[in-house]
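Below: the structure, in structure tokens.
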Amino acid sequence: MNNEFVAALEQLNTELGIPLEELIKTVEQALADAYRRAFDPPGYVTVHIDPATAGMTVTSRTYDAEGREVLAELPTDDFARMAAQTAKQAVLRQIRNLEREKAVNEAAEHRGELATGVIDRVENGTVYLDMGGRAEGAMPPEEQIPGEEVPPGQPMMVVTLDNRRTSRQPHDPV
């Protein structure tokens, strides 16, 4: 880890409002998981990042024959390159989750209101609308006007009824 990493986390804190402590905890957990997968050390692995120095400490907690806790610091020399990539992925995942949550909350605020979307596609009778940003609307056949033509690319005005999260993105039934 280096000071540029901590500076990047501080910038995300400022720009997106994600608490620095939350970002660091997310990265620490992701690094601990990656260390376990890469080296399979005994015991419970934890990672601590010191925000002041950007130093990383990896610790294993095991128990001896008498049941006493034994803490051992694990080597990080071979882990530095993997740590940087893992940290980046963890932070990007956190940002995507926050963006998804923001889109869902915005959709919830507009329940019952008119919205305009562009028809993206029709699958099995369900019309999918691009609602702008990271939200997608879905209009099942029973909520459509019978016989109405719905070609992709056409704008459509709808009423937002409900919202749901999907694995890919927020989903607004319209």
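Going through the structure tokens in order, the chains are called A, B, and so on, while each chain numbers its residues from 1 and the ligands are numbered from 1 in the order shown.
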
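Excluding Leu23 of chain A and any residue on its chain fewer than 5 positions from it, the residues at most 10 Å away by only C-alpha atoms are Val6, Leu9, Glu10, Leu12, Asn13, Ile18, Glu28, Ala87, Ala90, Val91, Gln94 and Ile95 of chain A.
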
A:Ala107, A:Ala115, A:Val27, A:Met156 ranked by distance to Ala135 of chain A, top pick (using only C-alpha atoms): A:Ala107

Which residue of A:Gly67, A:Gly55, A:Gly125, A:Gly43 approaches Ala80 of chain A most closely, using only C-alpha atoms: A:Gly55

Selection near His48 of chain A, 7 Å with only C-alpha atoms, sequence-local residues under 5 positions removed, as a ChimeraX atom specification: /A:28,56-58

DSSP-assigned alpha helix (DSSP H) among segment 31-149 of chain A, expressed as a PyMOL selection string: chain A and resi 31-39+80-109

For the residues in that selection, give me N, CA and C atoms as a short mmCIF file (atom, residue, chain, number, x, y, z; two decimals), in the first residue's frame.
```cif
data_model
loop_
_atom_site.label_atom_id
_atom_site.label_comp_id
_atom_site.auth_asym_id
_atom_site.auth_seq_id
_atom_site.Cartn_x
_atom_site.Cartn_y
_atom_site.Cartn_z
N LEU A 31 -9.08 -7.69 1.30
CA LEU A 31 -7.68 -8.14 1.35
C LEU A 31 -7.53 -9.40 2.19
N ALA A 32 -8.25 -9.47 3.30
CA ALA A 32 -8.18 -10.67 4.15
C ALA A 32 -8.69 -11.89 3.37
N ASP A 33 -9.78 -11.73 2.65
CA ASP A 33 -10.32 -12.82 1.84
C ASP A 33 -9.32 -13.24 0.76
N ALA A 34 -8.72 -12.26 0.09
CA ALA A 34 -7.75 -12.56 -0.96
C ALA A 34 -6.51 -13.24 -0.39
N TYR A 35 -6.06 -12.83 0.78
CA TYR A 35 -4.88 -13.44 1.40
C TYR A 35 -5.17 -14.90 1.74
N ARG A 36 -6.36 -15.15 2.29
CA ARG A 36 -6.75 -16.54 2.61
C ARG A 36 -6.76 -17.41 1.36
N ARG A 37 -7.33 -16.88 0.28
CA ARG A 37 -7.39 -17.66 -0.97
C ARG A 37 -5.99 -17.91 -1.54
N ALA A 38 -5.14 -16.91 -1.46
CA ALA A 38 -3.81 -17.02 -2.08
C ALA A 38 -2.84 -17.90 -1.29
N PHE A 39 -2.88 -17.81 0.03
CA PHE A 39 -1.85 -18.48 0.83
C PHE A 39 -2.37 -19.54 1.79
N ALA A 80 1.79 -7.88 -2.17
CA ALA A 80 1.61 -6.46 -2.48
C ALA A 80 0.88 -6.22 -3.80
N ARG A 81 1.30 -6.89 -4.87
CA ARG A 81 0.67 -6.65 -6.17
C ARG A 81 -0.80 -7.10 -6.16
N MET A 82 -1.06 -8.27 -5.59
CA MET A 82 -2.42 -8.78 -5.50
C MET A 82 -3.26 -7.86 -4.62
N ALA A 83 -2.65 -7.31 -3.58
CA ALA A 83 -3.37 -6.43 -2.66
C ALA A 83 -3.88 -5.19 -3.37
N ALA A 84 -3.06 -4.61 -4.22
CA ALA A 84 -3.48 -3.41 -4.93
C ALA A 84 -4.67 -3.69 -5.84
N GLN A 85 -4.63 -4.78 -6.57
CA GLN A 85 -5.74 -5.14 -7.48
C GLN A 85 -7.00 -5.46 -6.68
N THR A 86 -6.86 -6.19 -5.60
CA THR A 86 -8.00 -6.56 -4.76
C THR A 86 -8.63 -5.32 -4.15
N ALA A 87 -7.80 -4.39 -3.68
CA ALA A 87 -8.32 -3.17 -3.08
C ALA A 87 -9.11 -2.37 -4.11
N LYS A 88 -8.58 -2.28 -5.30
CA LYS A 88 -9.27 -1.54 -6.37
C LYS A 88 -10.63 -2.17 -6.66
N GLN A 89 -10.67 -3.49 -6.78
CA GLN A 89 -11.94 -4.17 -7.07
C GLN A 89 -12.94 -3.96 -5.94
N ALA A 90 -12.47 -4.02 -4.69
CA ALA A 90 -13.37 -3.85 -3.54
C ALA A 90 -13.97 -2.45 -3.52
N VAL A 91 -13.15 -1.45 -3.79
CA VAL A 91 -13.65 -0.08 -3.79
C VAL A 91 -14.63 0.14 -4.94
N LEU A 92 -14.31 -0.37 -6.13
CA LEU A 92 -15.23 -0.23 -7.26
C LEU A 92 -16.56 -0.92 -6.99
N ARG A 93 -16.52 -2.09 -6.35
CA ARG A 93 -17.75 -2.80 -6.00
C ARG A 93 -18.57 -1.97 -5.01
N GLN A 94 -17.89 -1.36 -4.04
CA GLN A 94 -18.58 -0.52 -3.05
C GLN A 94 -19.25 0.67 -3.74
N ILE A 95 -18.55 1.28 -4.70
CA ILE A 95 -19.11 2.43 -5.42
C ILE A 95 -20.33 2.00 -6.24
N ARG A 96 -20.23 0.86 -6.93
CA ARG A 96 -21.38 0.36 -7.71
C ARG A 96 -22.58 0.11 -6.80
N ASN A 97 -22.34 -0.49 -5.63
CA ASN A 97 -23.44 -0.75 -4.70
C ASN A 97 -24.09 0.54 -4.23
N LEU A 98 -23.28 1.56 -3.95
CA LEU A 98 -23.84 2.83 -3.51
C LEU A 98 -24.61 3.52 -4.63
N GLU A 99 -24.10 3.44 -5.87
CA GLU A 99 -24.83 4.02 -7.01
C GLU A 99 -26.16 3.30 -7.21
N ARG A 100 -26.15 1.99 -7.08
CA ARG A 100 -27.37 1.20 -7.23
C ARG A 100 -28.38 1.60 -6.15
N GLU A 101 -27.90 1.72 -4.92
CA GLU A 101 -28.77 2.11 -3.81
C GLU A 101 -29.36 3.50 -4.03
N LYS A 102 -28.54 4.41 -4.53
CA LYS A 102 -29.01 5.78 -4.81
C LYS A 102 -30.10 5.77 -5.88
N ALA A 103 -29.90 4.99 -6.95
CA ALA A 103 -30.91 4.91 -8.01
C ALA A 103 -32.21 4.33 -7.49
N VAL A 104 -32.14 3.30 -6.65
CA VAL A 104 -33.34 2.68 -6.08
C VAL A 104 -34.06 3.68 -5.19
N ASN A 105 -33.32 4.42 -4.38
CA ASN A 105 -33.94 5.41 -3.50
C ASN A 105 -34.61 6.53 -4.30
N GLU A 106 -33.94 6.97 -5.39
CA GLU A 106 -34.55 8.00 -6.24
C GLU A 106 -35.85 7.49 -6.85
N ALA A 107 -35.85 6.25 -7.32
CA ALA A 107 -37.05 5.68 -7.92
C ALA A 107 -38.17 5.59 -6.88
N ALA A 108 -37.84 5.24 -5.66
CA ALA A 108 -38.84 5.13 -4.60
C ALA A 108 -39.48 6.49 -4.31
N GLU A 109 -38.70 7.55 -4.42
CA GLU A 109 -39.22 8.90 -4.17
C GLU A 109 -40.23 9.32 -5.23
#
```

Two-atom distance - atom CA of Ala7 of chain A, atom CA of Pro75 of chain A (Å): 24.6 Å

Two-atom distance - atom CA of Met139 of chain A, atom CA of Val127 of chain A (Å): 5.1 Å

Tyr44 of chain A surroundings by only C-alpha atoms, 10 Å radius, close-in-sequence under 4 positions cut, as number ranges by chain: A: 32, 36, 59-62, 71

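Nearest residue to Arg111 of chain A, choosing from A:Val45, A:Leu74, A:Ala52, A:Val159 and counting only C-alpha atoms: A:Val159.
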
Backbone-only DSSP, strand (DSSP E) members of chain A, as number ranges by chain: A: 44-50, 55-63, 69-74, 114-123, 126-130, 136-139, 155-159, 164-165, 170-173

Selection near Pro151 of chain A, 8 Å with only C-alpha atoms, sequence-local residues under 3 positions removed, as a ChimeraX atom specification: /A:119,121,154

Point-to-point distance in Å for atom CA of Ala8 of chain A and atom CA of Leu20 of chain A: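 Between these atoms lies a distance of 10.3 Å.
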